[in-house]
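Asker: Got a file for you: upload04.csv, CSV, C-alpha atoms.
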```csv
chain,number,residue,atom,x,y,z
A,1,MET,CA,4.7,46.5,39.7
A,2,LEU,CA,3.2,47.6,43.0
A,3,PHE,CA,2.8,51.3,44.0
A,4,GLU,CA,1.0,53.1,46.8
A,5,GLU,CA,-1.5,56.0,46.6
A,6,GLU,CA,-3.3,57.5,49.6
A,7,SER,CA,-2.2,54.5,51.8
A,8,LYS,CA,-3.6,51.9,49.4
A,9,ALA,CA,-1.5,49.5,47.3
A,10,PHE,CA,-2.2,49.2,43.6
A,11,PHE,CA,-0.8,46.8,41.0
A,12,THR,CA,-0.1,47.8,37.4
A,13,VAL,CA,-1.9,45.6,34.9
A,14,SER,CA,1.4,44.1,33.7
A,15,GLY,CA,2.6,43.5,37.3
A,16,LEU,CA,-0.6,41.7,38.3
A,17,THR,CA,-0.6,39.7,35.1
A,18,ALA,CA,3.1,38.7,35.7
A,19,LEU,CA,2.2,37.6,39.2
A,20,ILE,CA,-0.7,35.5,38.0
A,21,LYS,CA,1.5,34.0,35.3
A,22,GLU,CA,4.2,33.1,37.8
A,23,ARG,CA,1.7,31.5,40.3
A,24,LEU,CA,-0.3,29.7,37.6
A,25,GLU,CA,2.6,28.3,35.6
A,26,SER,CA,4.5,27.1,38.7
A,27,GLY,CA,1.4,25.7,40.3
A,28,PHE,CA,0.2,23.8,37.2
A,29,SER,CA,3.4,22.8,35.5
A,30,SER,CA,2.0,19.4,34.6
A,31,VAL,CA,-1.7,18.8,34.0
A,32,ALA,CA,-3.8,16.1,32.2
A,33,VAL,CA,-7.2,17.1,30.8
A,34,GLU,CA,-10.0,15.3,29.0
A,35,GLY,CA,-12.4,17.2,26.9
A,36,GLU,CA,-14.0,17.7,23.5
A,37,ILE,CA,-12.2,19.6,20.8
A,38,SER,CA,-13.9,22.7,19.4
A,39,ASN,CA,-12.8,25.6,17.1
A,40,PHE,CA,-9.9,23.6,15.8
A,41,ARG,CA,-7.6,25.9,13.8
A,42,PRO,CA,-4.3,24.5,12.3
A,43,SER,CA,-1.8,27.1,11.3
A,44,ALA,CA,0.4,27.1,8.2
A,45,ALA,CA,3.4,26.6,10.4
A,46,GLY,CA,2.0,23.3,11.6
A,47,HIS,CA,0.8,24.5,15.0
A,48,TRP,CA,-2.7,23.5,16.3
A,49,TYR,CA,-4.9,26.0,18.1
A,50,PHE,CA,-8.2,24.7,19.6
A,51,SER,CA,-10.4,24.7,22.6
A,52,LEU,CA,-11.2,21.9,25.1
A,53,LYS,CA,-14.7,22.0,26.5
A,54,ASP,CA,-17.2,20.0,28.5
A,55,GLN,CA,-20.8,20.8,29.6
A,56,ASP,CA,-19.8,23.7,31.9
A,57,ALA,CA,-16.5,25.2,30.8
A,58,VAL,CA,-14.0,25.8,28.0
A,59,ILE,CA,-10.3,26.3,28.0
A,60,SER,CA,-7.9,27.4,25.2
A,61,ALA,CA,-5.2,25.1,24.1
A,62,VAL,CA,-2.2,25.0,21.6
A,63,MET,CA,0.0,22.2,20.4
A,64,PHE,CA,3.1,23.3,18.6
A,65,ARG,CA,4.5,21.6,15.5
A,66,GLY,CA,7.2,19.5,17.2
A,67,LYS,CA,4.6,17.9,19.4
A,68,SER,CA,1.7,17.7,16.9
A,69,ALA,CA,3.9,15.7,14.5
A,70,ARG,CA,3.9,12.8,17.0
A,71,VAL,CA,0.1,12.5,17.1
A,72,ASP,CA,-1.1,9.5,15.1
A,73,PHE,CA,-4.5,11.0,14.1
A,74,TYR,CA,-5.8,14.3,12.8
A,75,PRO,CA,-7.9,16.2,15.3
A,76,GLU,CA,-11.4,17.4,14.4
A,77,ASP,CA,-14.1,19.3,16.2
A,78,GLY,CA,-16.3,17.0,18.3
A,79,ILE,CA,-13.5,14.5,19.0
A,80,THR,CA,-13.0,13.7,22.7
A,81,VAL,CA,-9.3,13.6,23.6
A,82,LYS,CA,-6.9,13.3,26.5
A,83,ILE,CA,-4.0,15.8,26.6
A,84,SER,CA,-1.1,16.4,28.9
A,85,GLY,CA,0.9,19.6,29.2
A,86,ASN,CA,1.2,22.7,31.3
A,87,LEU,CA,-0.7,26.0,31.8
A,88,SER,CA,0.6,29.2,30.4
A,89,VAL,CA,-0.5,32.8,30.5
A,90,TYR,CA,-0.5,35.0,27.4
A,91,GLU,CA,0.2,38.4,29.1
A,92,LYS,CA,-0.7,40.7,26.2
A,93,ARG,CA,-4.3,39.3,26.1
A,94,GLY,CA,-4.5,38.4,29.8
A,95,ASN,CA,-5.8,34.9,29.1
A,96,TYR,CA,-4.5,31.5,29.9
A,97,GLN,CA,-4.2,28.3,27.9
A,98,ILE,CA,-2.8,24.8,28.0
A,99,ILE,CA,0.4,24.1,26.1
A,100,CYS,CA,-0.1,20.5,25.0
A,101,ASP,CA,2.7,17.9,25.0
A,102,THR,CA,0.7,14.8,24.2
A,103,MET,CA,-2.7,14.0,22.8
A,104,VAL,CA,-4.6,10.7,22.4
A,105,ARG,CA,-8.2,9.8,21.6
A,106,SER,CA,-10.2,9.4,24.7
A,107,GLY,CA,-10.2,5.7,25.7
A,108,GLU,CA,-7.1,4.8,23.6
A,109,GLY,CA,-4.9,4.6,26.7
A,110,ALA,CA,-7.2,2.0,28.3
A,111,ILE,CA,-7.5,0.2,25.0
A,112,LEU,CA,-3.8,-0.1,24.5
A,113,ALA,CA,-3.3,-1.3,28.1
A,114,MET,CA,-6.0,-3.9,27.5
A,115,LEU,CA,-4.4,-5.1,24.3
A,116,GLU,CA,-1.0,-5.3,25.9
A,117,GLU,CA,-2.4,-7.5,28.7
A,118,ARG,CA,-4.2,-9.7,26.2
A,119,LYS,CA,-1.1,-9.9,24.1
A,120,ARG,CA,1.0,-11.1,27.1
A,121,ARG,CA,-1.6,-13.6,28.1
A,122,LEU,CA,-2.0,-15.2,24.6
A,123,ALA,CA,1.7,-15.2,24.1
A,124,ALA,CA,2.2,-17.1,27.3
A,125,GLU,CA,-0.2,-19.7,25.9
A,126,GLY,CA,2.0,-20.1,22.8
A,127,LEU,CA,-0.5,-18.6,20.3
A,128,PHE,CA,2.2,-16.5,18.6
A,129,ASP,CA,5.1,-19.1,18.7
A,130,LEU,CA,7.2,-19.0,15.5
A,131,GLU,CA,7.6,-22.8,15.4
A,132,LYS,CA,3.8,-23.1,14.9
A,133,LYS,CA,3.7,-21.0,11.8
A,134,LYS,CA,2.7,-22.9,8.6
A,135,PRO,CA,4.5,-22.2,5.3
A,136,ILE,CA,2.6,-20.3,2.6
A,137,PRO,CA,2.2,-22.5,-0.5
A,138,PRO,CA,4.3,-21.0,-3.4
A,139,PHE,CA,1.7,-21.5,-6.1
A,140,PRO,CA,-1.8,-21.7,-4.6
A,141,ALA,CA,-4.5,-22.4,-7.1
A,142,ARG,CA,-7.3,-21.4,-4.6
A,143,VAL,CA,-7.3,-18.4,-2.3
A,144,ALA,CA,-10.0,-17.5,0.3
A,145,VAL,CA,-10.4,-13.8,1.1
A,146,ILE,CA,-12.0,-12.8,4.4
A,147,THR,CA,-12.8,-9.1,4.4
A,148,SER,CA,-15.6,-6.5,3.8
A,149,PRO,CA,-17.3,-7.0,0.5
A,150,THR,CA,-17.5,-3.3,-0.1
A,151,GLY,CA,-14.1,-2.1,1.2
A,152,ALA,CA,-11.0,-0.9,-0.6
A,153,ALA,CA,-9.0,-3.9,0.7
A,154,LEU,CA,-11.0,-6.3,-1.4
A,155,ARG,CA,-10.7,-4.2,-4.5
A,156,ASP,CA,-6.9,-4.0,-4.0
A,157,ILE,CA,-6.6,-7.8,-3.5
A,158,LEU,CA,-8.7,-8.6,-6.6
A,159,GLN,CA,-6.7,-6.1,-8.7
A,160,VAL,CA,-3.3,-7.7,-7.8
A,161,LEU,CA,-4.5,-11.3,-8.1
A,162,GLY,CA,-6.1,-10.5,-11.5
A,163,ARG,CA,-2.9,-8.9,-12.7
A,164,ARG,CA,-0.3,-11.3,-11.4
A,165,GLY,CA,-2.2,-14.5,-10.6
A,166,ALA,CA,-4.1,-15.4,-13.7
A,167,GLY,CA,-5.9,-18.7,-13.2
A,168,VAL,CA,-6.2,-18.5,-9.4
A,169,ASP,CA,-9.6,-19.3,-8.0
A,170,ILE,CA,-10.8,-16.7,-5.5
A,171,THR,CA,-13.5,-17.3,-2.8
A,172,ILE,CA,-14.7,-14.3,-1.0
A,173,LEU,CA,-16.1,-14.7,2.5
A,174,PRO,CA,-17.7,-11.4,3.4
A,175,THR,CA,-17.7,-10.1,6.9
A,176,LEU,CA,-18.0,-7.0,9.0
A,177,VAL,CA,-14.5,-5.6,9.7
A,178,GLN,CA,-15.4,-3.1,12.5
A,179,GLY,CA,-18.1,-2.4,15.0
A,180,ASP,CA,-20.3,-4.8,17.0
A,181,GLY,CA,-20.4,-8.4,15.9
A,182,ALA,CA,-17.4,-8.0,13.5
A,183,ALA,CA,-15.0,-10.2,15.6
A,184,GLU,CA,-17.6,-13.0,15.8
A,185,GLN,CA,-18.2,-12.9,12.0
A,186,ILE,CA,-14.4,-12.9,11.2
A,187,ALA,CA,-13.8,-15.9,13.5
A,188,ALA,CA,-16.8,-17.7,12.0
A,189,GLN,CA,-15.6,-17.2,8.4
A,190,ILE,CA,-12.1,-18.6,9.3
A,191,ARG,CA,-13.7,-21.7,10.7
A,192,ARG,CA,-16.0,-22.0,7.7
A,193,ALA,CA,-13.1,-21.7,5.3
A,194,ASN,CA,-11.4,-24.6,7.2
A,195,ARG,CA,-14.5,-26.7,7.5
A,196,TYR,CA,-15.1,-26.7,3.7
A,197,ASN,CA,-11.4,-26.4,2.6
A,198,MET,CA,-12.2,-23.3,0.7
A,199,GLY,CA,-8.6,-22.4,-0.2
A,200,GLU,CA,-5.0,-23.4,0.0
A,201,VAL,CA,-4.3,-20.1,1.7
A,202,ILE,CA,-6.5,-17.4,3.4
A,203,ILE,CA,-6.0,-13.7,3.1
A,204,MET,CA,-7.7,-11.9,6.0
A,205,GLY,CA,-7.7,-8.1,6.7
A,206,ARG,CA,-9.0,-4.7,6.0
A,207,GLY,CA,-7.8,-1.2,5.1
A,208,GLY,CA,-6.6,1.5,7.5
A,209,GLY,CA,-8.5,3.0,10.4
A,210,SER,CA,-8.4,4.2,14.0
A,211,LEU,CA,-7.4,2.0,16.9
A,212,GLU,CA,-11.1,1.4,17.6
A,213,ASP,CA,-11.8,0.5,14.0
A,214,LEU,CA,-9.1,-2.2,14.0
A,215,LEU,CA,-10.1,-3.7,17.4
A,216,PRO,CA,-12.1,-6.7,16.0
A,217,PHE,CA,-8.8,-8.2,14.6
A,218,SER,CA,-7.4,-8.0,18.1
A,219,GLU,CA,-10.3,-9.8,19.8
A,220,GLU,CA,-9.3,-13.0,21.5
A,221,ALA,CA,-11.9,-15.0,19.4
A,222,VAL,CA,-10.2,-13.9,16.2
A,223,ALA,CA,-6.7,-14.5,17.4
A,224,ARG,CA,-7.6,-18.1,18.5
A,225,ALA,CA,-9.4,-18.8,15.3
A,226,VAL,CA,-6.4,-17.7,13.3
A,227,ALA,CA,-4.0,-19.8,15.4
A,228,GLU,CA,-6.2,-22.9,15.1
A,229,SER,CA,-6.6,-22.7,11.4
A,230,THR,CA,-5.2,-25.6,9.5
A,231,ILE,CA,-5.1,-23.5,6.3
A,232,PRO,CA,-2.2,-21.0,6.3
A,233,ILE,CA,-3.4,-17.4,7.0
A,234,ILE,CA,-1.9,-14.1,5.8
A,235,SER,CA,-3.1,-11.2,8.0
A,236,ALA,CA,-3.1,-7.8,6.4
A,237,VAL,CA,-4.8,-5.4,8.8
A,238,GLY,CA,-4.6,-1.6,8.3
A,239,HIS,CA,-1.5,0.1,7.1
A,240,GLU,CA,2.1,-0.9,7.6
A,241,THR,CA,2.4,0.8,11.0
A,242,ASP,CA,-0.8,-0.8,12.4
A,243,THR,CA,-0.5,-4.1,14.3
A,244,ALA,CA,-3.3,-6.3,15.4
A,245,LEU,CA,-3.2,-9.5,17.4
A,246,SER,CA,-4.3,-11.4,14.3
A,247,ASP,CA,-1.0,-10.3,12.7
A,248,LEU,CA,0.9,-12.0,15.5
A,249,ALA,CA,-1.2,-15.2,15.4
A,250,ALA,CA,-1.2,-15.5,11.6
A,251,ASP,CA,1.3,-17.6,9.7
A,252,LEU,CA,2.5,-14.5,7.9
A,253,ARG,CA,1.9,-10.7,8.3
A,254,ALA,CA,1.5,-8.5,5.3
A,255,PRO,CA,1.9,-4.7,5.6
A,256,THR,CA,-1.2,-4.0,3.4
A,257,PRO,CA,-3.9,-6.1,1.7
A,258,SER,CA,-2.2,-5.5,-1.7
A,259,ALA,CA,1.1,-6.9,-0.4
A,260,ALA,CA,-0.8,-9.9,0.9
A,261,ALA,CA,-2.1,-10.6,-2.6
A,262,GLU,CA,1.4,-10.2,-4.1
A,263,LEU,CA,2.7,-12.8,-1.6
A,264,VAL,CA,0.4,-15.6,-2.9
A,265,CYS,CA,1.1,-15.2,-6.6
A,266,GLU,CA,4.2,-15.3,-8.8
A,267,GLU,CA,5.3,-13.6,-12.0
A,268,ARG,CA,4.5,-15.5,-15.2
A,269,GLU,CA,8.2,-16.0,-15.9
A,270,ALA,CA,8.7,-17.9,-12.6
A,271,LEU,CA,5.7,-20.1,-13.5
A,272,LEU,CA,7.2,-20.9,-16.9
A,273,LEU,CA,10.4,-21.9,-15.3
A,274,ARG,CA,8.5,-24.2,-12.9
A,275,VAL,CA,6.6,-25.7,-15.8
A,276,GLY,CA,9.9,-26.4,-17.6
A,277,ALA,CA,11.3,-28.0,-14.5
A,278,ILE,CA,8.3,-30.2,-14.2
A,279,ALA,CA,8.4,-31.2,-17.9
A,280,GLY,CA,12.1,-32.1,-17.5
A,281,GLU,CA,11.3,-34.2,-14.4
A,282,MET,CA,8.5,-35.9,-16.2
A,283,GLN,CA,10.8,-36.7,-19.2
A,284,ASP,CA,13.4,-38.2,-16.8
A,285,ASN,CA,10.6,-40.4,-15.2
A,286,LEU,CA,9.5,-41.5,-18.7
A,287,LEU,CA,13.0,-42.5,-19.6
A,288,ARG,CA,13.5,-44.5,-16.4
A,289,SER,CA,10.1,-46.2,-16.9
A,290,ALA,CA,11.0,-47.1,-20.4
A,291,GLU,CA,14.3,-48.6,-19.2
A,292,LYS,CA,12.5,-50.7,-16.6
A,293,ALA,CA,10.0,-51.8,-19.3
A,294,ARG,CA,12.9,-52.9,-21.5
A,295,ILE,CA,14.4,-55.0,-18.7
A,296,LEU,CA,11.0,-56.7,-18.1
A,297,LEU,CA,10.3,-57.2,-21.8
A,298,GLN,CA,11.5,-60.8,-21.9
A,299,ARG,CA,8.9,-61.8,-19.3
A,300,PHE,CA,5.9,-60.6,-21.3
A,301,SER,CA,4.4,-61.1,-24.7
A,302,GLY,CA,4.6,-58.2,-27.2
A,303,GLU,CA,0.9,-57.4,-27.0
A,304,GLU,CA,0.8,-57.5,-23.2
A,305,MET,CA,3.9,-55.3,-23.0
A,306,LYS,CA,2.3,-52.8,-25.4
A,307,GLU,CA,-0.8,-52.6,-23.2
A,308,ARG,CA,1.2,-52.1,-20.1
A,309,MET,CA,3.3,-49.4,-21.7
A,310,GLN,CA,0.2,-47.6,-22.9
A,311,ARG,CA,-1.3,-47.6,-19.4
A,312,LEU,CA,1.9,-46.4,-18.0
A,313,LEU,CA,2.6,-43.6,-20.5
A,314,GLN,CA,-0.9,-42.3,-21.3
A,315,PRO,CA,-1.4,-40.3,-18.1
A,316,ARG,CA,2.0,-38.8,-18.3
A,317,ARG,CA,1.5,-37.8,-21.9
A,318,PHE,CA,-1.7,-36.0,-21.0
A,319,GLU,CA,0.2,-34.2,-18.2
A,320,LEU,CA,3.1,-33.3,-20.5
A,321,ASP,CA,0.6,-32.0,-23.2
A,322,ASP,CA,-1.2,-29.9,-20.6
A,323,GLN,CA,2.1,-28.4,-19.3
A,324,ARG,CA,3.3,-27.7,-22.9
A,325,GLU,CA,0.0,-26.0,-23.9
A,326,GLU,CA,0.1,-23.8,-20.7
A,327,ALA,CA,3.7,-22.8,-21.5
A,328,VAL,CA,2.9,-22.0,-25.2
A,329,ARG,CA,-0.2,-20.0,-24.2
A,330,ALA,CA,1.8,-18.0,-21.6
A,331,ILE,CA,4.6,-17.3,-24.1
A,332,GLY,CA,2.1,-16.3,-26.7
A,333,GLU,CA,0.5,-13.8,-24.3
A,334,LYS,CA,3.9,-12.3,-23.5
A,335,ILE,CA,4.7,-11.9,-27.3
A,336,THR,CA,1.4,-10.3,-28.0
A,337,ALA,CA,1.9,-7.8,-25.1
A,338,GLU,CA,5.4,-7.0,-26.3
A,339,ARG,CA,4.2,-6.5,-29.9
A,340,HIS,CA,1.5,-4.1,-28.7
A,341,ARG,CA,4.1,-2.2,-26.6
A,342,LEU,CA,6.5,-2.0,-29.6
A,343,ALA,CA,3.7,-0.6,-31.8
A,344,LEU,CA,2.9,2.1,-29.3
A,345,ILE,CA,6.6,3.0,-29.1
A,346,ILE,CA,6.9,3.2,-32.9
A,347,LYS,CA,3.8,5.4,-33.1
A,348,GLU,CA,5.1,7.7,-30.4
A,349,MET,CA,8.4,8.0,-32.2
A,350,GLU,CA,6.7,8.8,-35.5
A,351,THR,CA,4.6,11.5,-33.8
A,352,SER,CA,7.7,13.0,-32.1
A,353,ASN,CA,9.7,13.1,-35.4
A,354,PRO,CA,10.8,16.8,-35.8
A,355,LEU,CA,10.9,16.3,-39.6
A,356,ALA,CA,7.2,15.3,-39.8
A,357,ILE,CA,6.1,18.9,-39.4
A,358,LEU,CA,7.8,19.7,-42.7
A,359,GLN,CA,5.1,17.8,-44.5
A,360,LYS,CA,2.7,20.5,-43.5
A,361,GLY,CA,4.5,23.2,-45.5
A,362,TYR,CA,6.9,24.4,-42.8
A,363,ALA,CA,10.7,24.8,-43.5
A,364,VAL,CA,13.9,24.8,-41.5
A,365,VAL,CA,16.1,27.9,-42.4
A,366,SER,CA,19.8,27.9,-41.5
A,367,ARG,CA,22.9,30.0,-42.3
A,368,LYS,CA,25.3,28.5,-44.8
A,369,ARG,CA,28.4,29.9,-43.2
A,370,ASP,CA,27.9,28.2,-39.8
A,371,ASP,CA,24.8,26.0,-40.1
A,372,GLY,CA,23.1,28.1,-37.4
A,373,LEU,CA,19.3,28.1,-37.3
A,374,VAL,CA,17.6,31.4,-38.3
A,375,THR,CA,15.0,32.3,-35.7
A,376,ASP,CA,15.2,36.1,-35.4
A,377,ALA,CA,15.3,38.5,-38.4
A,378,ALA,CA,16.9,41.2,-36.3
A,379,GLU,CA,20.0,39.1,-35.8
A,380,GLU,CA,20.6,38.5,-39.6
A,381,ARG,CA,22.2,40.8,-42.2
A,382,VAL,CA,21.5,41.5,-45.9
A,383,GLY,CA,23.5,39.3,-48.2
A,384,GLU,CA,23.6,36.4,-45.8
A,385,ALA,CA,23.5,33.1,-47.7
A,386,LEU,CA,20.8,30.7,-46.4
A,387,CYS,CA,19.8,27.1,-46.9
A,388,ILE,CA,16.0,26.3,-46.7
A,389,ARG,CA,15.2,22.7,-46.0
A,390,LEU,CA,11.8,21.5,-47.2
A,391,ALA,CA,10.0,18.2,-46.7
A,392,LYS,CA,11.6,17.1,-49.9
A,393,GLY,CA,14.9,18.6,-50.8
A,394,SER,CA,16.2,22.1,-50.0
A,395,VAL,CA,16.8,25.4,-51.7
A,396,ASP,CA,19.5,28.1,-51.4
A,397,ALA,CA,18.6,31.8,-50.9
A,398,THR,CA,20.2,35.2,-50.1
A,399,ILE,CA,18.8,37.8,-47.7
A,400,GLU,CA,17.8,40.9,-49.7
A,401,GLU,CA,15.7,42.8,-47.2
A,402,ILE,CA,15.1,42.4,-43.4
A,403,HIS,CA,11.8,43.1,-41.8
A,404,SER,CA,12.0,42.9,-38.0
A,405,GLU,CA,8.6,42.6,-36.4
A,406,LYS,CA,7.4,41.9,-32.9
A,407,LEU,CA,4.5,39.3,-32.6
```
Rewrite the coordinates I just gave you, this time as C-alpha cells.
Answerer:
Amino acid sequence: MLFEEESKAFFTVSGLTALIKERLESGFSSVAVEGEISNFRPSAAGHWYFSLKDQDAVISAVMFRGKSARVDFYPEDGITVKISGNLSVYEKRGNYQIICDTMVRSGEGAILAMLEERKRRLAAEGLFDLEKKKPIPPFPARVAVITSPTGAALRDILQVLGRRGAGVDITILPTLVQGDGAAEQIAAQIRRANRYNMGEVIIMGRGGGSLEDLLPFSEEAVARAVAESTIPIISAVGHETDTALSDLAADLRAPTPSAAAELVCEEREALLLRVGAIAGEMQDNLLRSAEKARILLQRFSGEEMKERMQRLLQPRRFELDDQREEAVRAIGEKITAERHRLALIIKEMETSNPLAILQKGYAVVSRKRDDGLVTDAAEERVGEALCIRLAKGSVDATIEEIHSEKL
C-alpha cells in the first residue's frame, strides 16, 4: 500500500514486501544454483530446510516432501550440490529463499553425461551384444570372487556359498573397489583369473555407494576386461537400482552380491537329482558295454576277455561308488538336520503344554454346571459346585464362603 504525507510517498511494510515478492518471484521464476549445504534441518513432515553457501554469501532453501522423495541420496552439511527451483519471499519474516525442485550432487550431471556417451560408444563396438554372452555353468566346482577383501559384499557371498554351495572351491582376488587405481586393479584381477584359469565362473562386484563410489566399474578398462574374459562373469555392483557398465558387459547381471552367489549354486535336492540321473546314465552305459562284450566274447579267450572287462568296468565302478557315497552323505545330512529340527519342535511343545504347570502345585478350577473357568471370586456364589483339576486326578468342592480381594 502506498500513501502520501506532506508531499512524500510512503510504502507500508506489507505493501513494499508484496512489491518485492512480485518483482523477485516473477524475475527469478527459474534458477539453478551450486553451493555447499549447511544447517540442514529435515522436518517430521518430510520437508528439508537448509542453506546454500559459498565463500561470500549464503541463501536459505527449502525442498518440500514431494520433491525430496525423488532425490537419490540423503543431504548432509558440507555436501556440494546443484539445485534448480524458483525464488520466493516469505512476507511475514521479510526474507527470501529458494524453493527447490531438483537436487543432485555437484558433478553428477557431468558424470552421467560422460557415462552415457561412453555407454553409446562401447555399445556401438558390440561390447554389450547379447549374442556374445556366455552361459553360466549350472554346477561350478570353482568360483573366483573379485571384490574388496574387507567389504560387506565378500561376507555376503561367502555366507551364501557356504550355506548353499557346500564343496565349492572359492578363490578370492582382492582389489580396491573405489577411488584412484581401483579400475586398474579390477581389470588386472579379471585378466589374472583368466590367465591361470582360477574359476569356472567369476563373481565381480561390491556393495552400494554413491555414483562416484561405483565409477571404477564403469571405467572403459573394466568394461573391456569383462567383455574379453573367456570365463563367464556375473557382475553385482551396488544395489538393485544401481547400474554400471560392467553390468552391461558381463555375461549376467545380479542385483546384489548375495544374489550373484545364489546364481552359482543349487539346492542339495537338485544336486541329488543330478547324481541320480548320472548314476542311471552310467548304469545304462554299463549294460550297453556288457552287451558289446558278450557279442565279442567268441573272438577272445576267457582270460583275455576278463582282463578287458576289468579295464572297462573298473573306472566306472569307481565313479559310481563316488556318486553313491556323495548321495548317501547328502541324505544323511538332511536326515540329521530334520531330526534336530523335530527335537526342537517336541521340546517347544512340551514347554508350551498348559498342563505342565499343574506339576508345580497349581490347579484348574471350573464350575460343574457349565464347565466355565473360575477366575474371579466376586462372580461366584455360595453353594456353587466346583471341580478342581490337579496334576493327577481331580476333586469336587462346594463354595462355602467368598472373599473378594483386589491384588
Asker: Considering only C-alpha atoms, state which residue in the set A:Ile402, A:Ala363, A:Val328, A:Ile203 is at the smallest distance from Arg253 (chain A).
Answerer: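 Going through A:Ile402, A:Ala363, A:Val328, A:Ile203 one by one, the smallest distance to Arg253 (chain A) is for A:Ile203.
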Asker: For CA of Gln323 (chain A) and CA of Leu158 (chain A), quote the distance in Å rounded to one decimal.
Answerer: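 Taking CA of Gln323 (chain A) as the start and CA of Leu158 (chain A) as the end point, the length is 25.9 Å.
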Asker: With distances taken over only C-alpha atoms, which residue among A:Glu240, A:Gly27, A:Val275, A:Pro138 lies nearest Ile331 (chain A)?
Answerer: A:Val275
Asker: For each of A:Met204, A:Ile234, A:Leu263, A:Cys100, take the minimum atom-to-atom distance to Arg164 (chain A), counting only C-alpha atoms, then give the residue where this is smallest.
Answerer: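 Among the listed residues, the smallest separation from Arg164 (chain A) belongs to A:Leu263.
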Asker: Quick one: of A:Ala144, A:Met114, A:Val177, A:Val222, who's nearest to Asn194 (chain A), counting all atoms listed in the file?
Answerer: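 Using all atoms listed in the file, Asn194 (chain A) sits closest to A:Ala144.
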Asker: Do a neighbour search on Ala152 (chain A) at 12 Å with all atoms listed in the file, toss out local chain neighbours closer than 6 positions, and write the hits as a count of residues only.
Answerer: 12
Asker: Ranking A:Leu287, A:Val226, A:Ile37, A:Ala124 by minimum distance to Gly78 (chain A) and counting only C-alpha atoms, which one comes first?
Answerer: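 Ranked by minimum distance to Gly78 (chain A), first place goes to A:Ile37.
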Asker: Residues near Leu87 (chain A), anyone? I mean within 6 Å using all atoms listed in the file, not counting same-chain ones fewer than 6 positions away, as a ChimeraX atom specification.
Answerer: /A:25,28,97-98
Asker: How far is it from CA of Thr230 (chain A) to CA of Gly162 (chain A), in Å with one decimal?
Answerer: 25.9 Å
Asker: Name the closest residue to Leu286 (chain A) among the candidates A:Met309, A:Ile146, A:Leu16, A:Ile170; distances are taken between atoms, counting only C-alpha atoms.
Answerer: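 Answer, going by the shortest atom-to-atom distance: A:Met309.
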Asker: Do you have the CA of Gly94 (chain A)-CA of Ala69 (chain A) distance handy?
Answerer: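 Straight-line distance from CA of Gly94 (chain A) to CA of Ala69 (chain A) works out to 28.6 Å.
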Asker: Could you name the residues that touch region 384-396 of chain A at 7 Å or less, counting only C-alpha atoms, but leaving out those on the same chain fewer than 3 positions away, as a VMD selection string?
Answerer: chain A and resid 358 to 359 363 to 368 381 399
Asker: For the point (-12.2, -7.1, 20.3) in file coordinates, what residues are within 12 Å, counting all atoms listed in the file? Give the answer as a PyMOL selection string?
Answerer: chain A and resi 111-112+114-115+118+177-187+211-223+244-246
Asker: Can you pull out every residue within 8 Å of region 83-85 of chain A, counting only C-alpha atoms, but drop anything in the same chain fewer than 2 positions away, and send it as a list of chain:residue names?
Answerer: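 In the requested form, the answer reads A:Ser29, A:Ser30, A:Val31, A:Ala32, A:Val33, A:Glu34, A:Val81, A:Leu87, A:Ile98, A:Ile99, A:Cys100, A:Asp101, A:Thr102, A:Met103, A:Val104.
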Asker: Mind listing whatever residues come within 9 Å of the point (-16.7, -18.1, 6.4)? Use only C-alpha atoms, file coordinates, and give them as a ChimeraX atom specification.
Answerer: /A:146,172-175,185-195,198
Asker: What are the centre and edge lengths in Å, to one decimal, of the axis-aligned box around all listed atoms of region 203-206 of chain A with 5 Å added on each side, as JSON?
Answerer:
```
{"center_x": -7.5, "center_y": -9.2, "center_z": 4.9, "size_x": 13.0, "size_y": 19.0, "size_z": 13.6}
```
Asker: Do a neighbour search on Asn285 (chain A) at 12 Å with all atoms listed in the file, toss out local chain neighbours closer than 5 positions, and write the hits as a PyMOL selection string.
Answerer: chain A and resi 278-280+290-292+312-313+316-317+320
